[in-house]
There are 4 protein chains.
Amino acid sequence: MIQTEIGYTTPDTISVRGKNLATELLGHIDFVDMIIFVFYGRLPEPREKAMLNLLLVLTTDHGLTPSAVSARLTYLGAPEALQGAVAAGLLGAGSVFLGNAQNVAEMLHRGASSLDDASSDQEILLRARELVQDAKAKGVRIVGLGHNIHVDGDPRIPVLIAQSKAHGYFGKHWRLLLAMEHVINESRRKRLPINAGGGVGAIMAEMNLDPLLGRGVALIGRCAGLIAHVAEERDRPIGLELWDLILKQDPRNVLPE
Amino acid sequence: MIQTEIGYTTPDTISVRGKNLATELLGHIDFVDMIIFVFYGRLPEPREKAMLNLLLVLTTDHGLTPSAVSARLTYLGAPEALQGAVAAGLLGAGSVFLGNAQNVAEMLHRGASSLDDASSDQEILLRARELVQDAKAKGVRIVGLGHNIHVDGDPRIPVLIAQSKAHGYFGKHWRLLLAMEHVINESRRKRLPINAGGGVGAIMAEMNLDPLLGRGVALIGRCAGLIAHVAEERDRPIGLELWDLILKQDPRNVLPE
Amino acid sequence: MIQTEIGYTTPDTISVRGKNLATELLGHIDFVDMIIFVFYGRLPEPREKAMLNLLLVLTTDHGLTPSAVSARLTYLGAPEALQGAVAAGLLGAGSVFLGNAQNVAEMLHRGASSLDDASSDQEILLRARELVQDAKAKGVRIVGLGHNIHVDGDPRIPVLIAQSKAHGYFGKHWRLLLAMEHVINESRRKRLPINAGGGVGAIMAEMNLDPLLGRGVALIGRCAGLIAHVAEERDRPIGLELWDLILKQDPRNVLPE
Amino acid sequence: MIQTEIGYTTPDTISVRGKNLATELLGHIDFVDMIIFVFYGRLPEPREKAMLNLLLVLTTDHGLTPSAVSARLTYLGAPEALQGAVAAGLLGAGSVFLGNAQNVAEMLHRGASSLDDASSDQEILLRARELVQDAKAKGVRIVGLGHNIHVDGDPRIPVLIAQSKAHGYFGKHWRLLLAMEHVINESRRKRLPINAGGGVGAIMAEMNLDPLLGRGVALIGRCAGLIAHVAEERDRPIGLELWDLILKQDPRNVLPE
């Protein structure tokens, strides 16, 4: 049967997950409620909503990230199609960027399955040592640690931890990740701190978020950032200068004075 | 100079529009604040925020719209890439869908430039008659009216009007659009009511929203709807059945029993 | 060093892989030569070129496949942006569609590593039995076999075999795939024939094609098919009818007469 | 009726534009034939095919153009999805890039409608003067002239002219464009030569190419170039270095040593 539980339409009603869009949703719930409602058919708990807002603000973007650059260069050639520039920016949000958080969540789900939120610090530390040794023995890289710019610690991590604690999402997954960070750094000269993907993965694990929703939240947040970048590109374009800058790195390219 | 006012990064800070992401934004503002903040560098007024929520919930989507179908059919072939399915769904949000609202906003900005919010109903009606006659004389179609399903009136329009009134966004643009609807329907047997694009266009005009932000809000909202569709496609797939259904419309296609 | 070996530009020359585009390539080589030249920096052998043409024609598309439907539905909403409709259609060419051929190529590379082109039919059959038994024991599905429409044999396979033979690309990989098809069907009532993905995978393995070029060739071919679909959609649109057809499958949707 | 003339399928045949894909097309025609065949349902004339090859080779790309950079930056974040990187690169092929050639073709169709291929040089020049003066009077920019790198003449133009002459596509549209270039440069100190978009537009006008096919050919060609860029990015990545390079342009970004 070809149908969706997401919604249906008649001449005088539009139904979304069993509610009347016009009379029961519009003006009654806000967008973050709607993200959860259209996905699960229920409204978020207050603490869920607080965390979703946190993840959405986190992923909105900042500065000239690869996705912002792709969106701006796409707008340069196709200013008639905002949707194309946004799509180009989102297409880079794949396994490396979004997959990082998802892989951390999966690692923590598996790694913490024998633990519970009431496990002692000692038990958590023991498990962390096992996981780190196991990864070393297998030559597997542990995900969620290390950042090329924030080499001494990602400034977002303390606030992600504080917010997780404030909203009751600081359990065995967060504790295991912090313990793994501790174990790994015992034997290193150069610190390898938890990165934002690691923190988001811990939150996804604590919230037991559907992986598609976890990845999806990042796409929604990034969408907002890309729109701001495209608007700035329209008003103060840097695309052509970027192109020149890139060409000039190879002396074989000769640009006129 | 290649730089953006949207943000920059140092080893221990991430700055977005001059605020510290970690200490001043995360946990302090919600996502709808962030949409405005990353775009304009200021927080929204409460009434702006209420209207943005309204537009975001409105565009989240419902049922098997073309963009939901494209996203699902894309996921069928590339389940490894949520971002690709979402991008495919967003790429249809172009001039016909998003442009409709934008064209209405432009028509109302131009049409109402000689009016103000205090103009009398009589003045508004007079202007509406001029615009409708002018469009007829030029053979130009008036945008924002008519719907293939909601033939007797789009159920979203009353709530868009009520919310606009409640938040102080019911001025000359809304009044002109309603007057144009009235004038057009004086001489028609089959009613041509304001559609959702018309209502969104009136709101965009009342809010004096940057057209890129107006289009962008619809992309953000739709993003949430597409993620829900892809998750449902993963859990209760209809893509292959859809393909069969489409092929069966042409008797030259012969499918095995 | 930020540079590419693909090309560079000066005020009076454009260089592609070390050749002058204007004086050495344009009018001197055709597009299929160029596909190989820009990728590898050398021209194709005649037999390579014949096979590339075969793969390109094969993947151009036919009928209302999911990618054609996505492209048409995208064009419906964004007719200003051909590139968006084509991109939406290509985004479905992921792991299920393109990955099938690539997985077959990898299975054949691994499976045939102990064989050579001069191996006897008996040796090949023995290896095929091992691989099929091994897959059964592990509960792994063998890729490249079975088709939902061409249940008694994909009509493209005989011509792919004949062309592979004609051009010297019928070696151990093709022979192993055919032997595996034979072994699997010994014990089945309903035949499970080699599908197009299986045939393309065998050819990719015989040609030792770079996986990105193998996947890329399908994208280039499909691009041509999608453009034809979009042009037909412009001239004889079916998008709105498709939307209606889909909605009508769910009786909760009520469309006006 | 929901059907396409492009193709249909039965258990033992696949039909494309009325031909049997397996027995009449595969191995019988090459890809450039197929591009025309799937679009028009007929094979190209030899001269058409020569020109299509020319346009495809021309648009394959070279160097680090914006579309190549977008594709590489997309691959950086989503290496699992070649189709996404290619789509991101194609999405920039919009009105500025592809539209340039199309606008030239339209300008030449309109401008040359009162001329024919046998018009004298004097008549052509007169018409060119009218068009240039008319554009100046209206303050409209004439498209197809000027290039930021090839300031003294685009090296591709002579070969496009020579090939057009060789294949019988050098008629009133090319002559008018050359005459307009002459007229414009009479009164300028800094030369404004015909650019590649201008040349492609003249060829599109001479061939009377469907605009969607004209734009489509550029997408097919570019697809090949992007695949080569992605493969090079896999083998000799420059994406992260590019990101660093871009960040370093703004001194507010501080990267660790």
# chains A, B, ... in the order shown; residues from 1 in each chain; ligands from 1
$ interface_residues --of "chain C" --to "chain B" --cutoff "6 Å" --atoms "only C-alpha atoms" --output "PyMOL selection string"
chain C and resi 66+70+73-74+77-78+84+88+91-97+149+255-256
$ write_last_selection --atoms "C-alpha atoms" --output "PDB file, in the first residue's frame"
ATOM      1  CA  PRO C  66      13.404   6.362 -10.049  1.00  0.00           C
ATOM      2  CA  SER C  70      13.061  12.442  -9.345  1.00  0.00           C
ATOM      3  CA  LEU C  73       9.423  16.053 -10.124  1.00  0.00           C
ATOM      4  CA  THR C  74      12.314  18.412  -9.391  1.00  0.00           C
ATOM      5  CA  GLY C  77       9.082  22.871  -8.901  1.00  0.00           C
ATOM      6  CA  ALA C  78      12.237  24.463 -10.312  1.00  0.00           C
ATOM      7  CA  GLY C  84      19.080  20.934 -10.221  1.00  0.00           C
ATOM      8  CA  ALA C  88      18.405  15.260  -8.202  1.00  0.00           C
ATOM      9  CA  LEU C  91      21.798  11.626  -6.434  1.00  0.00           C
ATOM     10  CA  GLY C  92      19.932   8.316  -6.534  1.00  0.00           C
ATOM     11  CA  ALA C  93      22.834   6.687  -8.360  1.00  0.00           C
ATOM     12  CA  GLY C  94      24.378   5.485  -5.135  1.00  0.00           C
ATOM     13  CA  SER C  95      25.368   2.259  -3.466  1.00  0.00           C
ATOM     14  CA  VAL C  96      22.323   0.238  -4.514  1.00  0.00           C
ATOM     15  CA  PHE C  97      22.446   1.165  -8.175  1.00  0.00           C
ATOM     16  CA  ILE C 149      11.392  -7.621 -14.306  1.00  0.00           C
ATOM     17  CA  LEU C 255      -8.950  15.204  -4.365  1.00  0.00           C
ATOM     18  CA  PRO C 256     -11.684  17.348  -5.923  1.00  0.00           C
TER      19      PRO C 256
END
$ residues_around --residues "C:Val183" --least-positions-apart "5" --cutoff "10 Å" --atoms "only C-alpha atoms" --output "PDB file with all heavy atoms, in the first residue's frame"
ATOM      1  N   LEU C 125      34.865 -23.737 -12.470  1.00  0.00           N
ATOM      2  CA  LEU C 125      33.638 -24.264 -11.874  1.00  0.00           C
ATOM      3  C   LEU C 125      33.870 -24.632 -10.404  1.00  0.00           C
ATOM      4  O   LEU C 125      33.020 -24.371  -9.540  1.00  0.00           O
ATOM      5  CB  LEU C 125      33.163 -25.486 -12.665  1.00  0.00           C
ATOM      6  CG  LEU C 125      31.758 -26.004 -12.317  1.00  0.00           C
ATOM      7  CD1 LEU C 125      30.687 -24.959 -12.624  1.00  0.00           C
ATOM      8  CD2 LEU C 125      31.458 -27.292 -13.112  1.00  0.00           C
ATOM      9  N   LEU C 126      35.015 -25.220 -10.143  1.00  0.00           N
ATOM     10  CA  LEU C 126      35.367 -25.599  -8.776  1.00  0.00           C
ATOM     11  C   LEU C 126      35.400 -24.364  -7.865  1.00  0.00           C
ATOM     12  O   LEU C 126      34.852 -24.357  -6.758  1.00  0.00           O
ATOM     13  CB  LEU C 126      36.750 -26.257  -8.800  1.00  0.00           C
ATOM     14  CG  LEU C 126      37.085 -27.173  -7.627  1.00  0.00           C
ATOM     15  CD1 LEU C 126      36.239 -28.443  -7.698  1.00  0.00           C
ATOM     16  CD2 LEU C 126      38.578 -27.547  -7.677  1.00  0.00           C
ATOM     17  N   ALA C 128      33.911 -21.547  -8.427  1.00  0.00           N
ATOM     18  CA  ALA C 128      32.548 -21.018  -8.301  1.00  0.00           C
ATOM     19  C   ALA C 128      31.795 -21.773  -7.211  1.00  0.00           C
ATOM     20  O   ALA C 128      31.105 -21.170  -6.382  1.00  0.00           O
ATOM     21  CB  ALA C 128      31.814 -21.128  -9.636  1.00  0.00           C
ATOM     22  N   ARG C 129      31.947 -23.117  -7.189  1.00  0.00           N
ATOM     23  CA  ARG C 129      31.282 -23.914  -6.143  1.00  0.00           C
ATOM     24  C   ARG C 129      31.757 -23.503  -4.746  1.00  0.00           C
ATOM     25  O   ARG C 129      30.949 -23.365  -3.824  1.00  0.00           O
ATOM     26  CB  ARG C 129      31.571 -25.405  -6.334  1.00  0.00           C
ATOM     27  CG  ARG C 129      30.694 -26.046  -7.379  1.00  0.00           C
ATOM     28  CD  ARG C 129      30.649 -27.561  -7.283  1.00  0.00           C
ATOM     29  NE  ARG C 129      30.313 -28.103  -8.595  1.00  0.00           N
ATOM     30  CZ  ARG C 129      29.105 -27.978  -9.160  1.00  0.00           C
ATOM     31  NH1 ARG C 129      28.122 -27.366  -8.524  1.00  0.00           N
ATOM     32  NH2 ARG C 129      28.874 -28.464 -10.364  1.00  0.00           N
ATOM     33  N   GLU C 130      33.064 -23.334  -4.622  1.00  0.00           N
ATOM     34  CA  GLU C 130      33.600 -22.894  -3.322  1.00  0.00           C
ATOM     35  C   GLU C 130      32.963 -21.572  -2.881  1.00  0.00           C
ATOM     36  O   GLU C 130      32.548 -21.401  -1.740  1.00  0.00           O
ATOM     37  CB  GLU C 130      35.118 -22.662  -3.400  1.00  0.00           C
ATOM     38  CG  GLU C 130      35.947 -23.915  -3.412  1.00  0.00           C
ATOM     39  CD  GLU C 130      37.429 -23.588  -3.687  1.00  0.00           C
ATOM     40  OE1 GLU C 130      37.798 -22.382  -3.645  1.00  0.00           O
ATOM     41  OE2 GLU C 130      38.190 -24.532  -3.954  1.00  0.00           O
ATOM     42  N   LEU C 131      32.932 -20.616  -3.822  1.00  0.00           N
ATOM     43  CA  LEU C 131      32.435 -19.285  -3.474  1.00  0.00           C
ATOM     44  C   LEU C 131      30.953 -19.330  -3.099  1.00  0.00           C
ATOM     45  O   LEU C 131      30.521 -18.678  -2.145  1.00  0.00           O
ATOM     46  CB  LEU C 131      32.661 -18.311  -4.636  1.00  0.00           C
ATOM     47  CG  LEU C 131      34.115 -17.932  -4.890  1.00  0.00           C
ATOM     48  CD1 LEU C 131      34.267 -17.212  -6.230  1.00  0.00           C
ATOM     49  CD2 LEU C 131      34.646 -17.022  -3.762  1.00  0.00           C
ATOM     50  N   VAL C 132      30.177 -20.099  -3.864  1.00  0.00           N
ATOM     51  CA  VAL C 132      28.744 -20.174  -3.589  1.00  0.00           C
ATOM     52  C   VAL C 132      28.503 -20.861  -2.248  1.00  0.00           C
ATOM     53  O   VAL C 132      27.698 -20.392  -1.422  1.00  0.00           O
ATOM     54  CB  VAL C 132      28.002 -20.904  -4.729  1.00  0.00           C
ATOM     55  CG1 VAL C 132      26.549 -21.171  -4.340  1.00  0.00           C
ATOM     56  CG2 VAL C 132      28.070 -20.081  -6.017  1.00  0.00           C
ATOM     57  N   GLN C 133      29.236 -21.963  -2.003  1.00  0.00           N
ATOM     58  CA  GLN C 133      29.069 -22.664  -0.716  1.00  0.00           C
ATOM     59  C   GLN C 133      29.489 -21.764   0.450  1.00  0.00           C
ATOM     60  O   GLN C 133      28.829 -21.720   1.484  1.00  0.00           O
ATOM     61  CB  GLN C 133      29.876 -23.967  -0.700  1.00  0.00           C
ATOM     62  CG  GLN C 133      29.140 -25.085  -1.433  1.00  0.00           C
ATOM     63  CD  GLN C 133      30.061 -26.231  -1.815  1.00  0.00           C
ATOM     64  OE1 GLN C 133      31.216 -26.272  -1.402  1.00  0.00           O
ATOM     65  NE2 GLN C 133      29.551 -27.142  -2.633  1.00  0.00           N
ATOM     66  N   LEU C 177      31.867 -15.501 -13.081  1.00  0.00           N
ATOM     67  CA  LEU C 177      30.495 -15.057 -12.815  1.00  0.00           C
ATOM     68  C   LEU C 177      29.492 -16.003 -13.471  1.00  0.00           C
ATOM     69  O   LEU C 177      28.487 -16.389 -12.848  1.00  0.00           O
ATOM     70  CB  LEU C 177      30.298 -13.618 -13.332  1.00  0.00           C
ATOM     71  CG  LEU C 177      28.896 -13.035 -13.097  1.00  0.00           C
ATOM     72  CD1 LEU C 177      28.582 -12.919 -11.601  1.00  0.00           C
ATOM     73  CD2 LEU C 177      28.751 -11.659 -13.751  1.00  0.00           C
ATOM     74  N   LEU C 178      29.785 -16.406 -14.716  1.00  0.00           N
ATOM     75  CA  LEU C 178      28.874 -17.335 -15.406  1.00  0.00           C
ATOM     76  C   LEU C 178      28.839 -18.686 -14.692  1.00  0.00           C
ATOM     77  O   LEU C 178      27.773 -19.316 -14.577  1.00  0.00           O
ATOM     78  CB  LEU C 178      29.297 -17.490 -16.878  1.00  0.00           C
ATOM     79  CG  LEU C 178      28.958 -16.260 -17.733  1.00  0.00           C
ATOM     80  CD1 LEU C 178      29.774 -16.246 -19.027  1.00  0.00           C
ATOM     81  CD2 LEU C 178      27.452 -16.230 -18.054  1.00  0.00           C
ATOM     82  N   ARG C 188      17.961 -24.421  -7.822  1.00  0.00           N
ATOM     83  CA  ARG C 188      16.826 -23.522  -7.659  1.00  0.00           C
ATOM     84  C   ARG C 188      15.718 -23.866  -8.635  1.00  0.00           C
ATOM     85  O   ARG C 188      15.989 -24.236  -9.772  1.00  0.00           O
ATOM     86  CB  ARG C 188      17.269 -22.071  -7.951  1.00  0.00           C
ATOM     87  CG  ARG C 188      18.073 -21.454  -6.827  1.00  0.00           C
ATOM     88  CD  ARG C 188      18.442 -20.037  -7.218  1.00  0.00           C
ATOM     89  NE  ARG C 188      17.222 -19.255  -7.454  1.00  0.00           N
ATOM     90  CZ  ARG C 188      16.595 -18.550  -6.515  1.00  0.00           C
ATOM     91  NH1 ARG C 188      17.065 -18.509  -5.308  1.00  0.00           N
ATOM     92  NH2 ARG C 188      15.494 -17.884  -6.807  1.00  0.00           N
TER      93      ARG C 188
END
$ select_by_dssp --residues "stretch 8-91 of chain B" --states "strand (DSSP E or B)" --output "ChimeraX atom specification"
/B:8-10,13-16,19-20
$ write_last_selection --atoms "all heavy atoms" --output "PDB file, in the first residue's frame"
ATOM      1  N   TYR B   8      34.492  33.320  12.831  1.00  0.00           N
ATOM      2  CA  TYR B   8      35.899  32.948  12.743  1.00  0.00           C
ATOM      3  C   TYR B   8      36.251  32.057  13.919  1.00  0.00           C
ATOM      4  O   TYR B   8      35.441  31.881  14.833  1.00  0.00           O
ATOM      5  CB  TYR B   8      36.786  34.195  12.669  1.00  0.00           C
ATOM      6  CG  TYR B   8      36.696  35.091  13.871  1.00  0.00           C
ATOM      7  CD1 TYR B   8      37.482  34.865  15.001  1.00  0.00           C
ATOM      8  CD2 TYR B   8      35.817  36.166  13.885  1.00  0.00           C
ATOM      9  CE1 TYR B   8      37.391  35.678  16.121  1.00  0.00           C
ATOM     10  CE2 TYR B   8      35.714  36.981  14.997  1.00  0.00           C
ATOM     11  CZ  TYR B   8      36.499  36.738  16.112  1.00  0.00           C
ATOM     12  OH  TYR B   8      36.390  37.534  17.211  1.00  0.00           O
ATOM     13  N   THR B   9      37.455  31.497  13.867  1.00  0.00           N
ATOM     14  CA  THR B   9      37.839  30.457  14.815  1.00  0.00           C
ATOM     15  C   THR B   9      39.275  30.664  15.269  1.00  0.00           C
ATOM     16  O   THR B   9      40.139  30.973  14.454  1.00  0.00           O
ATOM     17  CB  THR B   9      37.748  29.083  14.121  1.00  0.00           C
ATOM     18  OG1 THR B   9      36.446  28.934  13.583  1.00  0.00           O
ATOM     19  CG2 THR B   9      38.012  27.946  15.086  1.00  0.00           C
ATOM     20  N   THR B  10      39.506  30.481  16.556  1.00  0.00           N
ATOM     21  CA  THR B  10      40.875  30.418  17.070  1.00  0.00           C
ATOM     22  C   THR B  10      40.973  29.119  17.872  1.00  0.00           C
ATOM     23  O   THR B  10      39.955  28.447  18.074  1.00  0.00           O
ATOM     24  CB  THR B  10      41.202  31.616  17.986  1.00  0.00           C
ATOM     25  OG1 THR B  10      40.542  31.406  19.249  1.00  0.00           O
ATOM     26  CG2 THR B  10      40.743  32.934  17.391  1.00  0.00           C
ATOM     27  N   THR B  13      38.413  29.733  20.794  1.00  0.00           N
ATOM     28  CA  THR B  13      37.074  30.320  20.646  1.00  0.00           C
ATOM     29  C   THR B  13      36.515  30.096  19.244  1.00  0.00           C
ATOM     30  O   THR B  13      37.257  29.995  18.269  1.00  0.00           O
ATOM     31  CB  THR B  13      37.065  31.857  20.859  1.00  0.00           C
ATOM     32  OG1 THR B  13      37.980  32.433  19.906  1.00  0.00           O
ATOM     33  CG2 THR B  13      37.442  32.253  22.262  1.00  0.00           C
ATOM     34  N   ILE B  14      35.213  30.056  19.185  1.00  0.00           N
ATOM     35  CA  ILE B  14      34.497  30.069  17.913  1.00  0.00           C
ATOM     36  C   ILE B  14      33.558  31.248  18.004  1.00  0.00           C
ATOM     37  O   ILE B  14      32.732  31.317  18.927  1.00  0.00           O
ATOM     38  CB  ILE B  14      33.703  28.768  17.713  1.00  0.00           C
ATOM     39  CG1 ILE B  14      34.664  27.586  17.595  1.00  0.00           C
ATOM     40  CG2 ILE B  14      32.820  28.858  16.479  1.00  0.00           C
ATOM     41  CD1 ILE B  14      33.965  26.240  17.683  1.00  0.00           C
ATOM     42  N   SER B  15      33.697  32.171  17.062  1.00  0.00           N
ATOM     43  CA  SER B  15      32.892  33.385  17.105  1.00  0.00           C
ATOM     44  C   SER B  15      31.845  33.347  15.998  1.00  0.00           C
ATOM     45  O   SER B  15      32.169  33.063  14.851  1.00  0.00           O
ATOM     46  CB  SER B  15      33.806  34.595  16.912  1.00  0.00           C
ATOM     47  OG  SER B  15      33.036  35.768  16.852  1.00  0.00           O
ATOM     48  N   VAL B  16      30.596  33.601  16.350  1.00  0.00           N
ATOM     49  CA  VAL B  16      29.530  33.721  15.359  1.00  0.00           C
ATOM     50  C   VAL B  16      28.922  35.112  15.495  1.00  0.00           C
ATOM     51  O   VAL B  16      28.396  35.458  16.558  1.00  0.00           O
ATOM     52  CB  VAL B  16      28.449  32.636  15.555  1.00  0.00           C
ATOM     53  CG1 VAL B  16      27.323  32.822  14.531  1.00  0.00           C
ATOM     54  CG2 VAL B  16      29.038  31.244  15.432  1.00  0.00           C
ATOM     55  N   LYS B  19      29.645  36.948  18.647  1.00  0.00           N
ATOM     56  CA  LYS B  19      29.373  36.322  19.951  1.00  0.00           C
ATOM     57  C   LYS B  19      30.183  35.028  20.059  1.00  0.00           C
ATOM     58  O   LYS B  19      30.432  34.361  19.046  1.00  0.00           O
ATOM     59  CB  LYS B  19      27.885  35.963  20.089  1.00  0.00           C
ATOM     60  CG  LYS B  19      26.954  37.154  20.100  1.00  0.00           C
ATOM     61  CD  LYS B  19      26.779  37.719  21.500  1.00  0.00           C
ATOM     62  CE  LYS B  19      25.773  38.868  21.474  1.00  0.00           C
ATOM     63  NZ  LYS B  19      25.856  39.685  22.693  1.00  0.00           N
ATOM     64  N   ASN B  20      30.533  34.657  21.280  1.00  0.00           N
ATOM     65  CA  ASN B  20      31.238  33.408  21.532  1.00  0.00           C
ATOM     66  C   ASN B  20      30.231  32.244  21.492  1.00  0.00           C
ATOM     67  O   ASN B  20      29.337  32.178  22.337  1.00  0.00           O
ATOM     68  CB  ASN B  20      31.927  33.502  22.895  1.00  0.00           C
ATOM     69  CG  ASN B  20      32.793  32.290  23.166  1.00  0.00           C
ATOM     70  OD1 ASN B  20      32.356  31.158  23.029  1.00  0.00           O
ATOM     71  ND2 ASN B  20      34.045  32.543  23.549  1.00  0.00           N
TER      72      ASN B  20
END
$ atom_distance --atom1 "atom CA of D:Ile36" --atom2 "atom CA of D:Glu206"
16.7 Å
$ residues_around --residues "stretch 209-225 of chain D" --least-positions-apart "5" --cutoff "6 Å" --atoms "only C-alpha atoms" --output "number ranges by chain"
C: 35, 220, 223, 227; D: 56, 59-61, 98, 204
$ residues_around --residues "D:Val143" --least-positions-apart "3" --cutoff "9 Å" --atoms "only C-alpha atoms" --output "PyMOL selection string"
chain D and resi 100-101+103-104+107+146+197-198
$ write_last_selection --atoms "C-alpha atoms" --output "PDB file, in the first residue's frame"
ATOM      1  CA  ASN D 100      25.781  32.918 -20.841  1.00  0.00           C
ATOM      2  CA  ALA D 101      25.898  30.677 -23.953  1.00  0.00           C
ATOM      3  CA  ASN D 103      21.661  34.156 -23.770  1.00  0.00           C
ATOM      4  CA  VAL D 104      24.110  34.622 -26.644  1.00  0.00           C
ATOM      5  CA  MET D 107      20.483  37.321 -28.772  1.00  0.00           C
ATOM      6  CA  GLY D 146      35.102  39.665 -22.372  1.00  0.00           C
ATOM      7  CA  GLY D 197      30.298  31.298 -23.892  1.00  0.00           C
ATOM      8  CA  GLY D 198      29.921  33.596 -26.879  1.00  0.00           C
TER       9      GLY D 198
END
$ select_by_dssp --residues "stretch 187-250 of chain B" --states "helix (DSSP H, G or I)" --output "MDAnalysis selection string"
chainID B and resid 196:207 211:235 239:248
$ residues_around --residues "C:Asp116" --least-positions-apart "4" --cutoff "10 Å" --atoms "only C-alpha atoms" --output "MDAnalysis selection string"
chainID C and resid 112 120 123:124 171:173
$ decode --residues "stretch 173-198 of chain D" --atoms "C-alpha atoms" --output "CSV table (one decimal), in the first residue's frame"
chain,number,residue,atom,x,y,z
D,173,HIS,CA,24.8,33.9,-36.4
D,174,TRP,CA,28.6,33.5,-36.2
D,175,ARG,CA,29.0,36.4,-38.7
D,176,LEU,CA,26.8,38.7,-36.7
D,177,LEU,CA,28.6,37.9,-33.4
D,178,LEU,CA,32.0,38.6,-35.1
D,179,ALA,CA,30.6,41.9,-36.6
D,180,MET,CA,29.3,42.9,-33.1
D,181,GLU,CA,32.7,42.2,-31.6
D,182,HIS,CA,34.3,44.4,-34.4
D,183,VAL,CA,31.8,47.3,-33.8
D,184,ILE,CA,32.2,47.2,-30.0
D,185,ASN,CA,36.0,47.3,-30.2
D,186,GLU,CA,36.2,50.2,-32.7
D,187,SER,CA,35.6,52.6,-29.8
D,188,ARG,CA,37.4,50.8,-27.0
D,189,ARG,CA,41.0,51.1,-25.8
D,190,LYS,CA,40.9,47.8,-24.0
D,191,ARG,CA,39.8,45.0,-26.3
D,192,LEU,CA,36.6,43.0,-25.4
D,193,PRO,CA,37.0,39.8,-27.3
D,194,ILE,CA,34.4,37.0,-27.8
D,195,ASN,CA,34.6,34.5,-24.9
D,196,ALA,CA,33.9,30.8,-24.9
D,197,GLY,CA,30.3,31.3,-23.9
D,198,GLY,CA,29.9,33.6,-26.9
